[in-house]
$ cat my_file.csv   # CSV, N, CA, C and O atoms
chain,number,residue,atom,x,y,z
A,1,MET,N,-19.4,135.8,10.6
A,1,MET,CA,-19.0,136.5,9.5
A,1,MET,C,-18.1,137.7,10.0
A,1,MET,O,-18.6,138.5,10.7
A,2,LEU,N,-16.9,137.8,9.5
A,2,LEU,CA,-16.0,138.8,10.0
A,2,LEU,C,-15.8,139.8,8.8
A,2,LEU,O,-15.7,139.5,7.7
A,3,PRO,N,-15.6,141.1,9.2
A,3,PRO,CA,-15.3,142.1,8.1
A,3,PRO,C,-14.0,141.7,7.4
A,3,PRO,O,-13.0,141.4,8.0
A,4,GLY,N,-14.1,141.7,6.1
A,4,GLY,CA,-12.9,141.3,5.3
A,4,GLY,C,-12.7,139.8,5.2
A,4,GLY,O,-11.8,139.4,4.4
A,5,GLY,N,-13.5,139.0,5.9
A,5,GLY,CA,-13.3,137.6,5.9
A,5,GLY,C,-14.3,137.0,4.9
A,5,GLY,O,-15.0,137.7,4.2
A,6,PRO,N,-14.3,135.7,4.8
A,6,PRO,CA,-15.2,135.0,3.8
A,6,PRO,C,-16.7,135.3,4.2
A,6,PRO,O,-17.0,135.4,5.4
A,7,ILE,N,-17.5,135.5,3.2
A,7,ILE,CA,-18.9,135.8,3.5
A,7,ILE,C,-19.7,134.5,3.4
A,7,ILE,O,-19.7,133.8,2.4
A,8,ASP,N,-20.5,134.3,4.4
A,8,ASP,CA,-21.4,133.1,4.5
A,8,ASP,C,-22.6,133.3,3.5
A,8,ASP,O,-23.0,134.5,3.3
A,9,ARG,N,-23.1,132.2,3.1
A,9,ARG,CA,-24.4,132.3,2.3
A,9,ARG,C,-25.4,132.8,3.3
A,9,ARG,O,-25.4,132.5,4.5
A,10,LEU,N,-26.3,133.7,2.9
A,10,LEU,CA,-27.4,134.2,3.7
A,10,LEU,C,-28.6,133.4,3.7
A,10,LEU,O,-29.1,133.0,2.6
A,11,LEU,N,-29.2,133.1,4.8
A,11,LEU,CA,-30.4,132.2,4.9
A,11,LEU,C,-31.6,133.1,5.3
A,11,LEU,O,-31.4,134.1,6.0
A,12,THR,N,-32.8,132.7,4.8
A,12,THR,CA,-34.0,133.4,5.3
A,12,THR,C,-34.3,132.9,6.7
A,12,THR,O,-33.8,131.9,7.1
A,13,VAL,N,-35.2,133.6,7.3
A,13,VAL,CA,-35.7,133.2,8.6
A,13,VAL,C,-36.4,131.8,8.5
A,13,VAL,O,-36.2,130.9,9.4
A,14,ALA,N,-37.1,131.6,7.4
A,14,ALA,CA,-37.7,130.3,7.2
A,14,ALA,C,-36.7,129.1,7.1
A,14,ALA,O,-36.9,128.1,7.6
A,15,GLU,N,-35.6,129.4,6.4
A,15,GLU,CA,-34.6,128.4,6.2
A,15,GLU,C,-33.9,128.1,7.6
A,15,GLU,O,-33.6,126.9,7.9
A,16,VAL,N,-33.7,129.1,8.4
A,16,VAL,CA,-33.0,128.9,9.7
A,16,VAL,C,-34.0,128.1,10.6
A,16,VAL,O,-33.6,127.2,11.3
A,17,ALA,N,-35.3,128.5,10.5
A,17,ALA,CA,-36.2,127.7,11.4
A,17,ALA,C,-36.3,126.3,11.0
A,17,ALA,O,-36.3,125.4,11.8
A,18,GLU,N,-36.2,126.0,9.7
A,18,GLU,CA,-36.2,124.6,9.2
A,18,GLU,C,-34.9,123.9,9.7
A,18,GLU,O,-35.0,122.7,10.2
A,19,ARG,N,-33.8,124.6,9.6
A,19,ARG,CA,-32.5,123.9,10.0
A,19,ARG,C,-32.5,123.7,11.5
A,19,ARG,O,-31.9,122.7,12.0
A,20,LEU,N,-33.2,124.5,12.3
A,20,LEU,CA,-33.2,124.3,13.8
A,20,LEU,C,-34.4,123.5,14.2
A,20,LEU,O,-34.6,123.2,15.4
A,21,SER,N,-35.2,123.1,13.2
A,21,SER,CA,-36.5,122.3,13.5
A,21,SER,C,-37.4,123.1,14.5
A,21,SER,O,-37.9,122.5,15.5
A,22,THR,N,-37.6,124.3,14.2
A,22,THR,CA,-38.5,125.2,15.0
A,22,THR,C,-39.4,125.9,14.1
A,22,THR,O,-39.4,125.8,12.9
A,23,SER,N,-40.3,126.7,14.7
A,23,SER,CA,-41.2,127.6,14.0
A,23,SER,C,-40.4,128.8,13.6
A,23,SER,O,-39.3,129.1,14.1
A,24,GLU,N,-40.9,129.6,12.7
A,24,GLU,CA,-40.2,130.9,12.3
A,24,GLU,C,-40.2,131.9,13.4
A,24,GLU,O,-39.3,132.7,13.5
A,25,ARG,N,-41.1,131.7,14.4
A,25,ARG,CA,-41.1,132.6,15.5
A,25,ARG,C,-39.9,132.6,16.3
A,25,ARG,O,-39.4,133.6,16.9
A,26,PHE,N,-39.3,131.4,16.5
A,26,PHE,CA,-38.1,131.2,17.3
A,26,PHE,C,-36.9,132.1,16.8
A,26,PHE,O,-36.3,132.9,17.6
A,27,PRO,N,-36.5,131.9,15.5
A,27,PRO,CA,-35.4,132.7,15.1
A,27,PRO,C,-35.7,134.2,15.1
A,27,PRO,O,-34.9,135.1,15.3
A,28,ARG,N,-37.0,134.6,14.8
A,28,ARG,CA,-37.4,136.0,14.9
A,28,ARG,C,-37.2,136.5,16.3
A,28,ARG,O,-36.8,137.7,16.5
A,29,ARG,N,-37.5,135.7,17.3
A,29,ARG,CA,-37.4,136.2,18.7
A,29,ARG,C,-35.9,136.3,19.0
A,29,ARG,O,-35.5,137.3,19.7
A,30,LEU,N,-35.0,135.4,18.5
A,30,LEU,CA,-33.6,135.5,18.8
A,30,LEU,C,-33.1,136.8,18.1
A,30,LEU,O,-32.2,137.5,18.7
A,31,ILE,N,-33.6,137.2,17.0
A,31,ILE,CA,-33.1,138.4,16.3
A,31,ILE,C,-33.6,139.6,17.1
A,31,ILE,O,-32.8,140.5,17.4
A,32,GLU,N,-34.9,139.6,17.5
A,32,GLU,CA,-35.4,140.7,18.3
A,32,GLU,C,-34.7,140.9,19.6
A,32,GLU,O,-34.5,142.1,20.0
A,33,GLU,N,-34.3,139.9,20.2
A,33,GLU,CA,-33.6,139.9,21.5
A,33,GLU,C,-32.1,140.2,21.3
A,33,GLU,O,-31.4,140.4,22.3
A,34,GLY,N,-31.6,140.2,20.1
A,34,GLY,CA,-30.2,140.5,19.8
A,34,GLY,C,-29.3,139.3,20.2
A,34,GLY,O,-28.1,139.5,20.5
A,35,ARG,N,-29.9,138.1,20.2
A,35,ARG,CA,-29.1,136.9,20.7
A,35,ARG,C,-28.4,136.2,19.5
A,35,ARG,O,-27.5,135.3,19.8
A,36,ILE,N,-28.6,136.6,18.3
A,36,ILE,CA,-27.9,136.0,17.1
A,36,ILE,C,-27.5,137.1,16.2
A,36,ILE,O,-28.1,138.1,16.1
A,37,THR,N,-26.5,136.8,15.4
A,37,THR,CA,-26.1,137.7,14.3
A,37,THR,C,-27.0,137.7,13.2
A,37,THR,O,-27.4,136.6,12.8
A,38,PHE,N,-27.3,138.8,12.6
A,38,PHE,CA,-28.2,138.8,11.4
A,38,PHE,C,-27.8,140.0,10.5
A,38,PHE,O,-27.0,140.9,10.9
A,39,VAL,N,-28.3,140.0,9.3
A,39,VAL,CA,-28.0,141.1,8.3
A,39,VAL,C,-29.3,141.7,7.9
A,39,VAL,O,-30.3,141.0,7.6
A,40,ARG,N,-29.4,143.0,8.0
A,40,ARG,CA,-30.6,143.7,7.6
A,40,ARG,C,-30.4,144.3,6.2
A,40,ARG,O,-29.5,145.1,6.1
A,41,LEU,N,-31.2,143.9,5.3
A,41,LEU,CA,-31.1,144.4,3.9
A,41,LEU,C,-32.4,145.1,3.6
A,41,LEU,O,-33.4,144.5,3.2
A,42,GLY,N,-32.5,146.4,4.0
A,42,GLY,CA,-33.7,147.1,3.9
A,42,GLY,C,-34.7,146.6,4.9
A,42,GLY,O,-34.3,146.6,6.1
A,43,ARG,N,-35.8,146.1,4.5
A,43,ARG,CA,-36.8,145.5,5.5
A,43,ARG,C,-36.5,144.0,5.6
A,43,ARG,O,-37.1,143.4,6.5
A,44,LYS,N,-35.7,143.4,4.8
A,44,LYS,CA,-35.5,142.0,4.8
A,44,LYS,C,-34.4,141.7,5.8
A,44,LYS,O,-33.4,142.4,6.0
A,45,VAL,N,-34.6,140.6,6.5
A,45,VAL,CA,-33.6,140.1,7.5
A,45,VAL,C,-33.1,138.7,7.1
A,45,VAL,O,-33.8,137.8,6.7
A,46,CYS,N,-31.8,138.6,7.0
A,46,CYS,CA,-31.1,137.4,6.7
A,46,CYS,C,-30.1,137.0,7.8
A,46,CYS,O,-29.6,137.8,8.5
A,47,ILE,N,-29.8,135.7,7.8
A,47,ILE,CA,-28.9,135.2,8.8
A,47,ILE,C,-27.8,134.4,8.1
A,47,ILE,O,-28.1,133.5,7.3
A,48,PRO,N,-26.5,134.7,8.5
A,48,PRO,CA,-25.4,134.0,7.9
A,48,PRO,C,-25.5,132.5,8.2
A,48,PRO,O,-26.0,132.1,9.3
A,49,GLU,N,-25.2,131.7,7.2
A,49,GLU,CA,-25.3,130.2,7.3
A,49,GLU,C,-24.6,129.6,8.5
A,49,GLU,O,-25.1,128.6,9.1
A,50,SER,N,-23.5,130.2,9.0
A,50,SER,CA,-22.8,129.6,10.1
A,50,SER,C,-23.5,129.9,11.4
A,50,SER,O,-23.2,129.2,12.4
A,51,VAL,N,-24.4,130.8,11.5
A,51,VAL,CA,-25.0,131.2,12.8
A,51,VAL,C,-25.9,130.0,13.3
A,51,VAL,O,-25.8,129.7,14.5
A,52,PRO,N,-26.8,129.4,12.5
A,52,PRO,CA,-27.5,128.3,13.1
A,52,PRO,C,-26.6,127.1,13.6
A,52,PRO,O,-26.9,126.5,14.6
A,53,ASN,N,-25.5,126.9,12.8
A,53,ASN,CA,-24.6,125.8,13.2
A,53,ASN,C,-23.9,126.2,14.6
A,53,ASN,O,-23.7,125.3,15.4
A,54,ASP,N,-23.6,127.5,14.8
A,54,ASP,CA,-23.0,127.9,16.0
A,54,ASP,C,-24.0,127.8,17.2
A,54,ASP,O,-23.6,127.4,18.3
A,55,CYS,N,-25.3,128.1,16.9
A,55,CYS,CA,-26.3,127.9,17.9
A,55,CYS,C,-26.4,126.5,18.4
A,55,CYS,O,-26.6,126.2,19.5
A,56,ILE,N,-26.4,125.6,17.4
A,56,ILE,CA,-26.5,124.2,17.7
A,56,ILE,C,-25.3,123.7,18.5
A,56,ILE,O,-25.4,123.0,19.5
A,57,SER,N,-24.1,124.2,18.1
A,57,SER,CA,-22.9,123.8,18.8
A,57,SER,C,-22.9,124.3,20.2
A,57,SER,O,-22.5,123.6,21.2
A,58,ALA,N,-23.4,125.6,20.4
A,58,ALA,CA,-23.4,126.2,21.8
A,58,ALA,C,-24.4,125.4,22.7
A,58,ALA,O,-24.2,125.4,23.9
A,59,GLY,N,-25.4,124.8,22.1
A,59,GLY,CA,-26.4,124.1,22.9
A,59,GLY,C,-26.1,122.6,23.1
A,59,GLY,O,-26.9,121.9,23.8
A,60,LEU,N,-25.0,122.1,22.6
A,60,LEU,CA,-24.7,120.7,22.8
A,60,LEU,C,-24.4,120.4,24.3
A,60,LEU,O,-23.7,121.1,24.9
A,61,VAL,N,-25.0,119.3,24.7
A,61,VAL,CA,-24.8,118.9,26.1
A,61,VAL,C,-24.1,117.5,26.0
A,61,VAL,O,-24.7,116.6,25.4
A,62,PRO,N,-23.0,117.4,26.7
A,62,PRO,CA,-22.3,116.1,26.6
A,62,PRO,C,-23.1,115.0,27.3
A,62,PRO,O,-23.9,115.3,28.3
A,63,PRO,N,-23.0,113.7,26.9
A,63,PRO,CA,-23.7,112.7,27.6
A,63,PRO,C,-23.3,112.5,29.1
A,63,PRO,O,-22.1,112.7,29.4
A,64,SER,N,-24.2,112.2,29.9
A,64,SER,CA,-23.9,112.1,31.3
A,64,SER,C,-23.7,110.6,31.7
A,64,SER,O,-23.3,110.3,32.8
A,65,SER,N,-23.9,109.7,30.8
A,65,SER,CA,-23.7,108.3,31.1
A,65,SER,C,-22.2,108.0,31.1
A,65,SER,O,-21.4,108.7,30.5
A,66,PRO,N,-21.7,107.1,32.0
A,66,PRO,CA,-20.3,106.8,32.1
A,66,PRO,C,-19.7,106.2,30.8
A,66,PRO,O,-20.4,105.6,30.0
A,67,VAL,N,-18.4,106.4,30.7
A,67,VAL,CA,-17.7,105.8,29.5
A,67,VAL,C,-17.7,104.3,29.7
A,67,VAL,O,-17.6,103.8,30.8
A,68,ARG,N,-17.9,103.6,28.6
A,68,ARG,CA,-17.9,102.1,28.7
A,68,ARG,C,-16.7,101.6,29.4
A,68,ARG,O,-15.5,102.0,29.1
A,69,GLY,N,-16.8,100.7,30.3
A,69,GLY,CA,-15.7,100.1,31.0
A,69,GLY,C,-15.4,100.8,32.3
A,69,GLY,O,-14.7,100.2,33.1
A,70,GLU,N,-16.0,101.9,32.5
A,70,GLU,CA,-15.8,102.7,33.7
A,70,GLU,C,-16.7,102.1,34.8
A,70,GLU,O,-17.8,101.7,34.6
A,71,GLN,N,-16.1,101.9,36.0
A,71,GLN,CA,-16.9,101.3,37.1
A,71,GLN,C,-17.4,102.4,38.1
A,71,GLN,O,-16.7,103.4,38.3
A,72,HIS,N,-18.6,102.2,38.6
A,72,HIS,CA,-19.2,103.1,39.6
A,72,HIS,C,-19.1,102.4,41.0
A,72,HIS,O,-19.2,101.2,41.1
A,73,GLU,N,-19.1,103.2,42.1
A,73,GLU,CA,-19.3,102.7,43.4
A,73,GLU,C,-20.7,102.3,43.5
A,73,GLU,O,-21.6,103.0,43.2
A,74,GLN,N,-21.0,101.1,44.0
A,74,GLN,CA,-22.3,100.6,44.2
A,74,GLN,C,-22.6,100.6,45.7
A,74,GLN,O,-21.8,100.3,46.5
A,75,ALA,N,-23.9,100.9,46.0
A,75,ALA,CA,-24.3,100.8,47.4
A,75,ALA,C,-24.3,99.3,47.9
A,75,ALA,O,-24.5,98.4,47.0
A,76,PRO,N,-24.0,99.1,49.1
A,76,PRO,CA,-23.9,97.7,49.6
A,76,PRO,C,-25.3,97.0,49.4
A,76,PRO,O,-26.3,97.7,49.7
A,77,ALA,N,-25.3,95.8,49.0
A,77,ALA,CA,-26.6,95.0,48.8
A,77,ALA,C,-27.2,94.7,50.2
A,77,ALA,O,-26.5,94.5,51.2
A,78,LEU,N,-28.5,94.7,50.2
A,78,LEU,CA,-29.2,94.3,51.5
A,78,LEU,C,-29.5,92.8,51.5
A,78,LEU,O,-29.8,92.2,50.5
A,79,SER,N,-29.4,92.3,52.7
A,79,SER,CA,-29.8,90.9,52.8
A,79,SER,C,-31.3,90.8,52.8
A,79,SER,O,-32.0,91.8,52.9
A,80,HIS,N,-31.8,89.6,52.6
A,80,HIS,CA,-33.3,89.5,52.5
A,80,HIS,C,-33.9,90.0,53.8
A,80,HIS,O,-35.0,90.7,53.8
A,81,SER,N,-33.3,89.7,55.0
A,81,SER,CA,-33.9,90.1,56.3
A,81,SER,C,-33.9,91.7,56.4
A,81,SER,O,-34.8,92.3,56.9
A,82,GLN,N,-32.8,92.3,56.0
A,82,GLN,CA,-32.7,93.7,56.0
A,82,GLN,C,-33.7,94.4,55.1
A,82,GLN,O,-34.3,95.4,55.4
A,83,ALA,N,-33.9,93.8,53.9
A,83,ALA,CA,-34.8,94.4,52.9
A,83,ALA,C,-36.2,94.3,53.5
A,83,ALA,O,-37.0,95.2,53.3
A,84,SER,N,-36.6,93.2,54.1
A,84,SER,CA,-37.9,93.0,54.6
A,84,SER,C,-38.2,94.0,55.8
A,84,SER,O,-39.4,94.3,56.0
A,85,LEU,N,-37.2,94.5,56.5
A,85,LEU,CA,-37.3,95.4,57.6
A,85,LEU,C,-37.3,96.9,57.1
A,85,LEU,O,-37.5,97.8,57.9
A,86,GLY,N,-37.2,97.1,55.8
A,86,GLY,CA,-37.2,98.4,55.2
A,86,GLY,C,-35.8,99.1,55.4
A,86,GLY,O,-35.8,100.4,55.5
A,87,ALA,N,-34.8,98.4,55.6
A,87,ALA,CA,-33.4,99.0,55.8
A,87,ALA,C,-33.0,99.8,54.5
A,87,ALA,O,-33.4,99.5,53.4
A,88,VAL,N,-32.1,100.7,54.7
A,88,VAL,CA,-31.6,101.5,53.6
A,88,VAL,C,-30.1,101.2,53.5
A,88,VAL,O,-29.4,101.1,54.5
A,89,PRO,N,-29.6,101.0,52.3
A,89,PRO,CA,-28.2,100.7,52.1
A,89,PRO,C,-27.3,101.7,52.7
A,89,PRO,O,-27.6,102.9,52.6
A,90,GLY,N,-26.3,101.3,53.5
A,90,GLY,CA,-25.4,102.2,54.1
A,90,GLY,C,-25.8,102.7,55.5
A,90,GLY,O,-25.1,103.3,56.2
A,91,GLU,N,-27.0,102.4,55.8
A,91,GLU,CA,-27.6,102.8,57.1
A,91,GLU,C,-27.2,101.8,58.2
A,91,GLU,O,-27.3,100.6,57.9
A,92,ILE,N,-27.0,102.2,59.4
A,92,ILE,CA,-26.7,101.2,60.4
A,92,ILE,C,-28.0,100.6,60.9
A,92,ILE,O,-28.9,101.4,61.3
A,93,PRO,N,-28.2,99.3,60.9
A,93,PRO,CA,-29.4,98.7,61.3
A,93,PRO,C,-29.6,98.9,62.8
A,93,PRO,O,-28.7,98.9,63.6
A,94,ARG,N,-30.9,99.2,63.2
A,94,ARG,CA,-31.2,99.3,64.6
A,94,ARG,C,-31.6,98.0,65.2
A,94,ARG,O,-32.2,97.2,64.5
A,95,PRO,N,-31.2,97.7,66.5
A,95,PRO,CA,-31.6,96.4,67.1
A,95,PRO,C,-33.0,96.3,67.4
A,95,PRO,O,-33.8,97.2,67.5
$ encode --input "my_file.csv" --output "C-alpha cells"
Amino acid sequence: MLPGGPIDRLLTVAEVAERLSTSERFPRRLIEEGRITFVRLGRKVCIPESVPNDCISAGLVPPSSPVRGEQHEQAPALSHSQASLGAVPGEIPRP
C-alpha cells in the first residue's frame, strides 16, 4: 500500500492466518517483529490484503528437479564382480 496509491482491503489477523494456513500467533509475531506491513487503527491491527500474497511470493522455492528432457551425468555402472567387492563408482579398483 503506497501513499496516494490504491488502498488494499484490510484483513484481520484471523483472516491473514487463515490465508497463510497458520495459527493467529504467526501473523501476530510477524507484526511484533516488524516483518510485515500493518495498519493500526486504535487498538485494532489490520493487514493490507496484498501483504499475505507478498509473503507467499517471497517464500516460493523453485523446484530442484531437472526440466523434462534434460540429461544428467550418471556415475559409471559397476560390473557384477566390482559390486560384489564393494567397489565405488569412479574409484580405481585395487588389485
$ atom_distance --input "my_file.csv" --atom1 "atom N of Val61 in chain A" --atom2 "atom O of Arg29 in chain A"
21.4 Å
$ atom_distance --input "my_file.csv" --atom1 "CA of Val16 in chain A" --atom2 "CA of Gly42 in chain A"
19.1 Å
$ residues_around --input "my_file.csv" --residues "Pro27 in chain A" --least-positions-apart "3" --cutoff "8 Å" --atoms "only N, CA, C and O atoms" --output "list of chain:residue names"
A:Val13, A:Ala14, A:Val16, A:Ala17, A:Thr22, A:Ser23, A:Glu24, A:Leu30, A:Ile31, A:Glu32, A:Glu33, A:Gly34, A:Arg35, A:Ile36
$ closest_residue --input "my_file.csv" --among "A:Arg43, A:Pro63, A:Pro52, A:Leu10" --to "Phe26 in chain A" --atoms "only C-alpha atoms"
A:Pro52
$ closest_residue --input "my_file.csv" --among "A:Ile56, A:Glu18, A:Leu11, A:Pro62" --to "Phe38 in chain A" --atoms "all atoms listed in the file"
A:Leu11
$ residues_around --input "my_file.csv" --residues "Thr12 in chain A" --least-positions-apart "3" --cutoff "8 Å" --atoms "only C-alpha atoms" --output "list in words"
Glu15, Val16, Val45, Cys46 and Ile47 of chain A
$ closest_residue --input "my_file.csv" --among "A:Ser50, A:Ser65, A:Ser21, A:Ser57" --to "Thr37 in chain A" --atoms "all atoms listed in the file"
A:Ser50
$ atom_distance --input "my_file.csv" --atom1 "CA of Arg9 in chain A" --atom2 "CA of Ala58 in chain A"
20.5 Å
$ closest_residue --input "my_file.csv" --among "A:Pro48, A:Cys55, A:Ser64, A:Arg40" --to "Pro6 in chain A" --atoms "only C-alpha atoms"
A:Pro48
$ build_atoms --input "my_file.csv" --residues "range 26-36 of chain A" --atoms "all heavy atoms" --output "compact mmCIF listing (two decimals), in the frame of the given file"
# COMPACT_ATOMS: atom_id res chain seq x y z
N PHE A 26 -39.30 131.40 16.50
CA PHE A 26 -38.10 131.20 17.30
C PHE A 26 -36.90 132.10 16.80
O PHE A 26 -36.30 132.90 17.60
CB PHE A 26 -37.72 129.77 17.51
CG PHE A 26 -36.51 129.54 18.36
CD1 PHE A 26 -36.53 129.82 19.72
CD2 PHE A 26 -35.34 129.05 17.82
CE1 PHE A 26 -35.41 129.61 20.51
CE2 PHE A 26 -34.22 128.84 18.60
CZ PHE A 26 -34.25 129.13 19.96
N PRO A 27 -36.50 131.90 15.50
CA PRO A 27 -35.40 132.70 15.10
C PRO A 27 -35.70 134.20 15.10
O PRO A 27 -34.90 135.10 15.30
CB PRO A 27 -35.04 132.23 13.66
CG PRO A 27 -36.08 131.24 13.31
CD PRO A 27 -36.84 130.90 14.54
N ARG A 28 -37.00 134.60 14.80
CA ARG A 28 -37.40 136.00 14.90
C ARG A 28 -37.20 136.50 16.30
O ARG A 28 -36.80 137.70 16.50
CB ARG A 28 -38.80 136.16 14.37
CG ARG A 28 -38.95 135.97 12.88
CD ARG A 28 -40.33 136.37 12.39
NE ARG A 28 -40.52 135.98 11.01
CZ ARG A 28 -40.04 136.62 9.97
NH1 ARG A 28 -39.31 137.71 10.15
NH2 ARG A 28 -40.27 136.20 8.75
N ARG A 29 -37.50 135.70 17.30
CA ARG A 29 -37.40 136.20 18.70
C ARG A 29 -35.90 136.30 19.00
O ARG A 29 -35.50 137.30 19.70
CB ARG A 29 -38.04 135.17 19.60
CG ARG A 29 -38.13 135.73 21.03
CD ARG A 29 -38.85 134.81 21.97
NE ARG A 29 -37.92 133.76 22.36
CZ ARG A 29 -38.21 132.47 22.43
NH1 ARG A 29 -39.41 132.05 22.12
NH2 ARG A 29 -37.31 131.60 22.80
N LEU A 30 -35.00 135.40 18.50
CA LEU A 30 -33.60 135.50 18.80
C LEU A 30 -33.10 136.80 18.10
O LEU A 30 -32.20 137.50 18.70
CB LEU A 30 -32.87 134.31 18.18
CG LEU A 30 -33.15 132.96 18.84
CD1 LEU A 30 -32.42 131.85 18.10
CD2 LEU A 30 -32.79 132.97 20.30
N ILE A 31 -33.60 137.20 17.00
CA ILE A 31 -33.10 138.40 16.30
C ILE A 31 -33.60 139.60 17.10
O ILE A 31 -32.80 140.50 17.40
CB ILE A 31 -33.70 138.45 14.85
CG1 ILE A 31 -33.01 137.41 13.98
CG2 ILE A 31 -33.55 139.85 14.26
CD1 ILE A 31 -33.69 137.16 12.64
N GLU A 32 -34.90 139.60 17.50
CA GLU A 32 -35.40 140.70 18.30
C GLU A 32 -34.70 140.90 19.60
O GLU A 32 -34.50 142.10 20.00
CB GLU A 32 -36.90 140.42 18.56
CG GLU A 32 -37.62 141.54 19.28
CD GLU A 32 -39.06 141.19 19.55
OE1 GLU A 32 -39.75 140.70 18.65
OE2 GLU A 32 -39.50 141.40 20.71
N GLU A 33 -34.30 139.90 20.20
CA GLU A 33 -33.60 139.90 21.50
C GLU A 33 -32.10 140.20 21.30
O GLU A 33 -31.40 140.40 22.30
CB GLU A 33 -33.78 138.65 22.30
CG GLU A 33 -35.21 138.44 22.73
CD GLU A 33 -35.45 137.08 23.36
OE1 GLU A 33 -34.51 136.24 23.40
OE2 GLU A 33 -36.59 136.83 23.78
N GLY A 34 -31.60 140.20 20.10
CA GLY A 34 -30.20 140.50 19.80
C GLY A 34 -29.30 139.30 20.20
O GLY A 34 -28.10 139.50 20.50
N ARG A 35 -29.90 138.10 20.20
CA ARG A 35 -29.10 136.90 20.70
C ARG A 35 -28.40 136.20 19.50
O ARG A 35 -27.50 135.30 19.80
CB ARG A 35 -30.03 135.94 21.36
CG ARG A 35 -30.56 136.52 22.66
CD ARG A 35 -31.62 135.68 23.31
NE ARG A 35 -31.21 134.30 23.47
CZ ARG A 35 -32.06 133.32 23.76
NH1 ARG A 35 -33.34 133.56 23.90
NH2 ARG A 35 -31.63 132.10 23.89
N ILE A 36 -28.60 136.60 18.30
CA ILE A 36 -27.90 136.00 17.10
C ILE A 36 -27.50 137.10 16.20
O ILE A 36 -28.10 138.10 16.10
CB ILE A 36 -28.70 134.87 16.40
CG1 ILE A 36 -29.97 135.43 15.77
CG2 ILE A 36 -29.00 133.72 17.32
CD1 ILE A 36 -30.67 134.44 14.85
